[in-house]
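Pasting run13.txt here (compact mmCIF, N, CA and C atoms):
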# COMPACT_ATOMS: atom_id res chain seq x y z
N MET A 27 -7.28 -19.66 2.37
CA MET A 27 -6.06 -18.88 2.17
C MET A 27 -5.92 -18.52 0.69
N LEU A 28 -5.48 -17.34 0.44
CA LEU A 28 -5.31 -16.85 -0.93
C LEU A 28 -4.06 -17.48 -1.52
N ASN A 29 -4.22 -18.21 -2.65
CA ASN A 29 -3.04 -18.81 -3.24
C ASN A 29 -2.32 -17.81 -4.14
N CYS A 30 -1.09 -18.15 -4.50
CA CYS A 30 -0.23 -17.23 -5.23
C CYS A 30 -0.82 -16.84 -6.59
N GLN A 31 -1.40 -17.79 -7.30
CA GLN A 31 -1.96 -17.49 -8.62
C GLN A 31 -3.11 -16.50 -8.51
N ASN A 32 -4.02 -16.72 -7.57
CA ASN A 32 -5.15 -15.80 -7.40
C ASN A 32 -4.67 -14.44 -6.92
N ARG A 33 -3.67 -14.40 -6.05
CA ARG A 33 -3.12 -13.13 -5.60
C ARG A 33 -2.56 -12.36 -6.79
N ASN A 34 -1.84 -13.05 -7.66
CA ASN A 34 -1.26 -12.38 -8.83
C ASN A 34 -2.33 -11.82 -9.75
N ILE A 35 -3.43 -12.53 -9.90
CA ILE A 35 -4.55 -12.06 -10.72
C ILE A 35 -5.13 -10.78 -10.12
N ILE A 36 -5.31 -10.79 -8.80
CA ILE A 36 -5.87 -9.62 -8.12
C ILE A 36 -4.92 -8.44 -8.22
N VAL A 37 -3.64 -8.68 -7.99
CA VAL A 37 -2.66 -7.60 -8.08
C VAL A 37 -2.64 -7.01 -9.48
N ALA A 38 -2.67 -7.86 -10.51
CA ALA A 38 -2.68 -7.38 -11.89
C ALA A 38 -3.92 -6.52 -12.16
N ALA A 39 -5.06 -6.98 -11.66
CA ALA A 39 -6.30 -6.22 -11.86
C ALA A 39 -6.22 -4.87 -11.17
N LEU A 40 -5.68 -4.84 -9.96
CA LEU A 40 -5.56 -3.58 -9.24
C LEU A 40 -4.58 -2.64 -9.93
N ARG A 41 -3.49 -3.17 -10.41
CA ARG A 41 -2.50 -2.33 -11.08
C ARG A 41 -3.04 -1.72 -12.36
N MET A 42 -3.94 -2.43 -13.02
CA MET A 42 -4.54 -1.91 -14.25
C MET A 42 -5.72 -1.00 -13.91
N LYS A 43 -5.98 -0.83 -12.60
CA LYS A 43 -7.12 -0.04 -12.13
C LYS A 43 -8.41 -0.58 -12.73
N SER A 44 -8.44 -1.89 -12.82
CA SER A 44 -9.57 -2.58 -13.41
C SER A 44 -10.80 -2.47 -12.53
N LYS A 45 -11.94 -2.48 -13.15
CA LYS A 45 -13.20 -2.49 -12.42
C LYS A 45 -13.67 -3.92 -12.17
N VAL A 46 -12.83 -4.90 -12.50
CA VAL A 46 -13.23 -6.31 -12.39
C VAL A 46 -13.72 -6.66 -11.00
N LEU A 47 -12.96 -6.27 -9.97
CA LEU A 47 -13.34 -6.64 -8.62
C LEU A 47 -14.61 -5.94 -8.16
N ILE A 48 -14.83 -4.73 -8.64
CA ILE A 48 -16.02 -3.99 -8.24
C ILE A 48 -17.25 -4.53 -8.97
N SER A 49 -17.10 -4.91 -10.23
CA SER A 49 -18.26 -5.28 -11.02
C SER A 49 -18.77 -6.69 -10.72
N HIS A 50 -17.96 -7.53 -10.08
CA HIS A 50 -18.42 -8.87 -9.74
C HIS A 50 -19.36 -8.84 -8.55
N LYS A 51 -20.31 -9.77 -8.55
CA LYS A 51 -21.14 -9.93 -7.37
C LYS A 51 -20.27 -10.55 -6.28
N GLN A 52 -20.60 -10.29 -5.03
CA GLN A 52 -19.80 -10.82 -3.92
C GLN A 52 -19.68 -12.33 -4.01
N SER A 53 -20.74 -13.03 -4.41
CA SER A 53 -20.69 -14.48 -4.47
C SER A 53 -19.70 -14.98 -5.51
N ASP A 54 -19.44 -14.17 -6.57
CA ASP A 54 -18.47 -14.56 -7.59
C ASP A 54 -17.05 -14.53 -7.06
N LEU A 55 -16.81 -13.77 -6.00
CA LEU A 55 -15.47 -13.60 -5.48
C LEU A 55 -15.12 -14.59 -4.37
N THR A 56 -16.08 -15.36 -3.91
CA THR A 56 -15.83 -16.20 -2.73
C THR A 56 -14.74 -17.24 -2.95
N ASN A 57 -14.56 -17.70 -4.17
CA ASN A 57 -13.51 -18.68 -4.42
C ASN A 57 -12.14 -18.03 -4.61
N ILE A 58 -12.11 -16.74 -4.83
CA ILE A 58 -10.85 -16.06 -5.09
C ILE A 58 -10.30 -15.37 -3.85
N ILE A 59 -11.10 -14.56 -3.20
CA ILE A 59 -10.57 -13.75 -2.10
C ILE A 59 -11.47 -13.77 -0.87
N PRO A 60 -11.77 -14.93 -0.31
CA PRO A 60 -12.70 -14.99 0.81
C PRO A 60 -12.28 -14.16 2.02
N GLU A 61 -10.99 -14.14 2.34
CA GLU A 61 -10.59 -13.39 3.53
C GLU A 61 -10.65 -11.88 3.34
N PHE A 62 -10.79 -11.41 2.09
CA PHE A 62 -10.84 -9.98 1.83
C PHE A 62 -12.26 -9.46 1.63
N LEU A 63 -13.26 -10.32 1.63
CA LEU A 63 -14.62 -9.88 1.33
C LEU A 63 -15.15 -8.79 2.25
N PRO A 64 -14.80 -8.79 3.54
CA PRO A 64 -15.29 -7.71 4.38
C PRO A 64 -14.65 -6.35 4.08
N LEU A 65 -13.58 -6.33 3.29
CA LEU A 65 -12.87 -5.10 3.01
C LEU A 65 -13.51 -4.34 1.86
N SER A 66 -13.41 -3.03 1.91
CA SER A 66 -13.84 -2.21 0.79
C SER A 66 -12.78 -2.28 -0.30
N PHE A 67 -13.10 -1.81 -1.50
CA PHE A 67 -12.12 -1.82 -2.59
C PHE A 67 -10.92 -0.96 -2.22
N MET A 68 -11.13 0.17 -1.55
CA MET A 68 -10.01 1.03 -1.14
C MET A 68 -9.09 0.28 -0.20
N GLN A 69 -9.66 -0.42 0.77
CA GLN A 69 -8.84 -1.17 1.71
C GLN A 69 -8.11 -2.30 1.00
N LEU A 70 -8.77 -2.93 0.04
CA LEU A 70 -8.16 -4.04 -0.69
C LEU A 70 -6.93 -3.59 -1.44
N THR A 71 -6.94 -2.38 -1.97
CA THR A 71 -5.77 -1.90 -2.72
C THR A 71 -4.58 -1.67 -1.80
N ASN A 72 -4.81 -1.56 -0.51
CA ASN A 72 -3.73 -1.26 0.43
C ASN A 72 -3.14 -2.49 1.11
N VAL A 73 -3.67 -3.70 0.87
CA VAL A 73 -3.20 -4.86 1.61
C VAL A 73 -2.00 -5.55 0.98
N PHE A 74 -1.67 -5.23 -0.23
CA PHE A 74 -0.60 -5.95 -0.90
C PHE A 74 0.76 -5.43 -0.49
N MET A 75 1.74 -6.26 -0.70
CA MET A 75 3.09 -6.01 -0.22
C MET A 75 3.80 -4.88 -0.96
N TRP A 76 4.83 -4.40 -0.32
CA TRP A 76 5.71 -3.42 -0.93
C TRP A 76 6.49 -4.10 -2.04
N GLU A 77 6.81 -3.35 -3.05
CA GLU A 77 7.58 -3.87 -4.17
C GLU A 77 8.98 -3.24 -4.13
N GLU A 78 10.00 -4.07 -4.30
CA GLU A 78 11.35 -3.54 -4.32
C GLU A 78 11.81 -3.41 -5.76
N LYS A 79 12.11 -2.19 -6.18
CA LYS A 79 12.60 -1.94 -7.52
C LYS A 79 13.46 -0.69 -7.52
N ASN A 80 14.52 -0.72 -8.33
CA ASN A 80 15.46 0.41 -8.44
C ASN A 80 15.98 0.87 -7.07
N ASN A 81 16.35 -0.10 -6.24
CA ASN A 81 16.87 0.20 -4.90
C ASN A 81 15.91 1.02 -4.05
N ARG A 82 14.61 0.77 -4.22
CA ARG A 82 13.58 1.46 -3.44
C ARG A 82 12.48 0.45 -3.08
N LEU A 83 11.91 0.61 -1.91
CA LEU A 83 10.66 -0.08 -1.58
C LEU A 83 9.55 0.86 -2.00
N THR A 84 8.62 0.39 -2.83
CA THR A 84 7.56 1.27 -3.33
C THR A 84 6.19 0.69 -3.03
N LYS A 85 5.28 1.59 -2.81
CA LYS A 85 3.88 1.20 -2.59
C LYS A 85 3.01 2.44 -2.69
N THR A 86 1.81 2.25 -3.23
CA THR A 86 0.82 3.33 -3.29
C THR A 86 -0.41 2.90 -2.49
N PHE A 87 -0.86 3.79 -1.64
CA PHE A 87 -2.05 3.58 -0.84
C PHE A 87 -3.16 4.44 -1.42
N GLN A 88 -4.38 3.92 -1.38
CA GLN A 88 -5.52 4.67 -1.88
C GLN A 88 -6.55 4.79 -0.76
N PHE A 89 -7.11 5.99 -0.61
CA PHE A 89 -8.08 6.26 0.44
C PHE A 89 -9.38 6.79 -0.13
N LYS A 90 -10.35 6.96 0.74
CA LYS A 90 -11.68 7.41 0.32
C LYS A 90 -11.63 8.79 -0.33
N ASP A 91 -10.84 9.69 0.25
CA ASP A 91 -10.78 11.06 -0.26
C ASP A 91 -9.48 11.72 0.18
N PHE A 92 -9.31 12.98 -0.17
CA PHE A 92 -8.10 13.72 0.15
C PHE A 92 -7.88 13.85 1.66
N ILE A 93 -8.95 14.11 2.38
CA ILE A 93 -8.83 14.31 3.84
C ILE A 93 -8.30 13.04 4.50
N GLU A 94 -8.82 11.89 4.10
CA GLU A 94 -8.35 10.63 4.68
C GLU A 94 -6.88 10.39 4.31
N ALA A 95 -6.51 10.68 3.07
CA ALA A 95 -5.13 10.51 2.63
C ALA A 95 -4.20 11.45 3.40
N PHE A 96 -4.62 12.69 3.59
CA PHE A 96 -3.80 13.67 4.29
C PHE A 96 -3.65 13.30 5.77
N GLY A 97 -4.73 12.79 6.37
CA GLY A 97 -4.66 12.33 7.76
C GLY A 97 -3.65 11.19 7.91
N PHE A 98 -3.66 10.28 6.95
CA PHE A 98 -2.69 9.18 6.94
C PHE A 98 -1.27 9.74 6.84
N MET A 99 -1.07 10.73 5.98
CA MET A 99 0.26 11.32 5.82
C MET A 99 0.72 11.99 7.12
N ALA A 100 -0.20 12.61 7.84
CA ALA A 100 0.17 13.24 9.11
C ALA A 100 0.65 12.19 10.11
N LYS A 101 -0.03 11.05 10.15
CA LYS A 101 0.39 9.95 11.04
C LYS A 101 1.76 9.43 10.64
N VAL A 102 1.98 9.27 9.33
CA VAL A 102 3.28 8.78 8.85
C VAL A 102 4.38 9.79 9.18
N ALA A 103 4.07 11.07 9.07
CA ALA A 103 5.07 12.10 9.38
C ALA A 103 5.53 12.00 10.83
N ILE A 104 4.61 11.80 11.75
CA ILE A 104 4.95 11.65 13.17
C ILE A 104 5.79 10.40 13.38
N LEU A 105 5.38 9.29 12.75
CA LEU A 105 6.11 8.04 12.84
C LEU A 105 7.53 8.20 12.29
N ALA A 106 7.65 8.79 11.12
CA ALA A 106 8.95 8.96 10.48
C ALA A 106 9.88 9.81 11.34
N GLU A 107 9.33 10.85 11.95
CA GLU A 107 10.14 11.70 12.81
C GLU A 107 10.63 10.93 14.03
N LYS A 108 9.76 10.12 14.63
CA LYS A 108 10.15 9.31 15.78
C LYS A 108 11.24 8.30 15.41
N MET A 109 11.14 7.75 14.19
CA MET A 109 12.12 6.76 13.73
C MET A 109 13.36 7.42 13.13
N ASN A 110 13.32 8.74 12.97
CA ASN A 110 14.39 9.48 12.31
C ASN A 110 14.73 8.86 10.95
N HIS A 111 13.67 8.52 10.22
CA HIS A 111 13.82 7.93 8.88
C HIS A 111 12.67 8.45 8.03
N HIS A 112 12.97 9.34 7.12
CA HIS A 112 11.93 10.10 6.42
C HIS A 112 11.73 9.59 5.00
N PRO A 113 10.50 9.34 4.60
CA PRO A 113 10.22 8.76 3.28
C PRO A 113 10.23 9.80 2.16
N GLN A 114 10.46 9.29 0.96
CA GLN A 114 10.16 10.08 -0.23
C GLN A 114 8.73 9.70 -0.58
N TRP A 115 7.86 10.69 -0.70
CA TRP A 115 6.46 10.38 -0.95
C TRP A 115 5.80 11.45 -1.79
N THR A 116 4.68 11.07 -2.38
CA THR A 116 3.86 12.02 -3.13
C THR A 116 2.41 11.77 -2.77
N ASN A 117 1.62 12.83 -2.95
CA ASN A 117 0.18 12.73 -2.71
C ASN A 117 -0.55 13.38 -3.87
N THR A 118 -1.48 12.64 -4.43
CA THR A 118 -2.38 13.18 -5.44
C THR A 118 -3.79 12.78 -5.03
N TYR A 119 -4.58 13.75 -4.65
CA TYR A 119 -5.94 13.58 -4.16
C TYR A 119 -6.02 12.48 -3.10
N ASN A 120 -6.50 11.28 -3.46
CA ASN A 120 -6.71 10.24 -2.45
C ASN A 120 -5.62 9.17 -2.46
N LYS A 121 -4.52 9.41 -3.15
CA LYS A 121 -3.43 8.44 -3.24
C LYS A 121 -2.17 9.00 -2.60
N VAL A 122 -1.48 8.11 -1.88
CA VAL A 122 -0.19 8.45 -1.28
C VAL A 122 0.79 7.38 -1.74
N SER A 123 1.86 7.80 -2.42
CA SER A 123 2.86 6.88 -2.93
C SER A 123 4.18 7.07 -2.20
N PHE A 124 4.83 5.95 -1.90
CA PHE A 124 6.10 5.96 -1.18
C PHE A 124 7.20 5.32 -2.00
N LYS A 125 8.41 5.85 -1.81
CA LYS A 125 9.65 5.24 -2.29
C LYS A 125 10.61 5.31 -1.12
N LEU A 126 10.90 4.17 -0.52
CA LEU A 126 11.76 4.14 0.67
C LEU A 126 13.15 3.63 0.32
N SER A 127 14.16 4.35 0.81
CA SER A 127 15.55 3.90 0.73
C SER A 127 16.31 4.62 1.84
N THR A 128 17.49 4.13 2.14
CA THR A 128 18.30 4.73 3.19
C THR A 128 19.42 5.53 2.54
N HIS A 129 19.32 6.83 2.65
CA HIS A 129 20.29 7.73 2.01
C HIS A 129 21.69 7.54 2.59
N ASP A 130 21.76 7.36 3.93
CA ASP A 130 23.07 7.20 4.59
C ASP A 130 23.82 5.95 4.12
N ALA A 131 23.09 4.97 3.59
CA ALA A 131 23.70 3.71 3.15
C ALA A 131 23.91 3.70 1.64
N GLY A 132 23.79 4.84 1.00
CA GLY A 132 24.01 4.91 -0.45
C GLY A 132 22.74 4.73 -1.26
N ASP A 133 21.61 5.15 -0.71
CA ASP A 133 20.32 5.04 -1.39
C ASP A 133 19.96 3.61 -1.78
N ILE A 134 20.08 2.71 -0.83
CA ILE A 134 19.66 1.33 -1.03
C ILE A 134 18.62 0.99 0.03
N VAL A 135 17.94 -0.12 -0.15
CA VAL A 135 16.95 -0.59 0.82
C VAL A 135 17.67 -1.29 1.96
N THR A 136 17.36 -0.86 3.18
CA THR A 136 17.97 -1.46 4.37
C THR A 136 16.86 -1.89 5.35
N ALA A 137 17.29 -2.43 6.47
CA ALA A 137 16.35 -2.84 7.51
C ALA A 137 15.52 -1.65 8.01
N LYS A 138 16.09 -0.45 8.00
CA LYS A 138 15.34 0.74 8.42
C LYS A 138 14.13 0.96 7.51
N ASP A 139 14.31 0.73 6.21
CA ASP A 139 13.21 0.92 5.27
C ASP A 139 12.13 -0.14 5.47
N ARG A 140 12.56 -1.37 5.68
CA ARG A 140 11.60 -2.45 5.89
C ARG A 140 10.80 -2.24 7.18
N LYS A 141 11.47 -1.74 8.20
CA LYS A 141 10.77 -1.47 9.46
C LYS A 141 9.77 -0.32 9.27
N LEU A 142 10.19 0.74 8.58
CA LEU A 142 9.28 1.86 8.33
C LEU A 142 8.09 1.40 7.48
N ALA A 143 8.34 0.59 6.47
CA ALA A 143 7.25 0.08 5.62
C ALA A 143 6.24 -0.71 6.44
N LYS A 144 6.74 -1.54 7.33
CA LYS A 144 5.84 -2.34 8.19
C LYS A 144 4.98 -1.45 9.07
N GLU A 145 5.58 -0.41 9.61
CA GLU A 145 4.84 0.52 10.47
C GLU A 145 3.85 1.35 9.66
N ILE A 146 4.22 1.73 8.46
CA ILE A 146 3.28 2.46 7.58
C ILE A 146 2.07 1.60 7.28
N ASP A 147 2.31 0.32 7.00
CA ASP A 147 1.19 -0.60 6.75
C ASP A 147 0.24 -0.65 7.93
N LYS A 148 0.77 -0.67 9.12
CA LYS A 148 -0.07 -0.70 10.33
C LYS A 148 -0.96 0.55 10.41
N LEU A 149 -0.39 1.70 10.04
CA LEU A 149 -1.17 2.95 10.08
C LEU A 149 -2.29 2.95 9.05
N ALA A 150 -2.11 2.23 7.95
CA ALA A 150 -3.11 2.21 6.88
C ALA A 150 -4.26 1.26 7.16
N GLU A 151 -4.14 0.41 8.17
CA GLU A 151 -5.19 -0.59 8.46
C GLU A 151 -6.44 0.07 9.00

Let me see the structure of the file written as structure tokens.
Amino acid sequence: MLNCQNRNIIVAALRMKSKVLISHKQSDLTNIIPEFLPLSFMQLTNVFMWEEKNNRLTKTFQFKDFIEAFGFMAKVAILAEKMNHHPQWTNTYNKVSFKLSTHDAGDIVTAKDRKLAKEIDKLAE
């Protein structure tokens, strides 16, 4: 199981867009992230939790290319329409960033946002 300290190291490396995880040999990572070894670096960037800041749930997903990112956005659009809860999002090439809040509740994070975030994560798997 990934402990909190190792998770924080990995998150920090990903946020800095560090090449640390890519440049290590697989055997060097076995003590840090054994359950993530079958994942690609792109998939690894998508497994971490949503961050709550400024009354928004935020997360950025990274994909192989623009087509994969756009396909993901199409799936999210259908989901959001079904849930009648539409995200604020941006797309730049292979990245899709979200800021979720509930406008009807005064632009704060509510259960609707947490549910949408959970479903978005499922689509990214």

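Nearest to Lys125 of chain A of all the residues A:Leu83, A:Ala137, A:Ala100, A:Ala106 is A:Leu83, counting only C-alpha atoms.
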
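In this comparison, which uses only N, CA and C atoms, the residue of A:Lys138, A:Phe87, A:Ser123, A:Ala131 approaching His111 of chain A most closely is A:Lys138.
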
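The gap separating atom CA of Arg140 of chain A from atom N of Glu94 of chain A is 25.0 Å, in Å to one decimal.
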
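The shortest atom-to-atom distance to Leu149 of chain A, with only N, CA and C atoms taken into account, belongs to A:Val102 out of A:Val122, A:Ile134, A:Met75, A:Val102.
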
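Closest to Thr128 of chain A among A:Trp76, A:Arg82, A:Phe89, A:Lys144 is A:Arg82, based on only N, CA and C atoms.
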
- Top pick for closest residue to Ala150 of chain A, considering A:Ala95, A:Thr84, A:Glu77, A:Tyr119 and counting only C-alpha atoms: A:Ala95
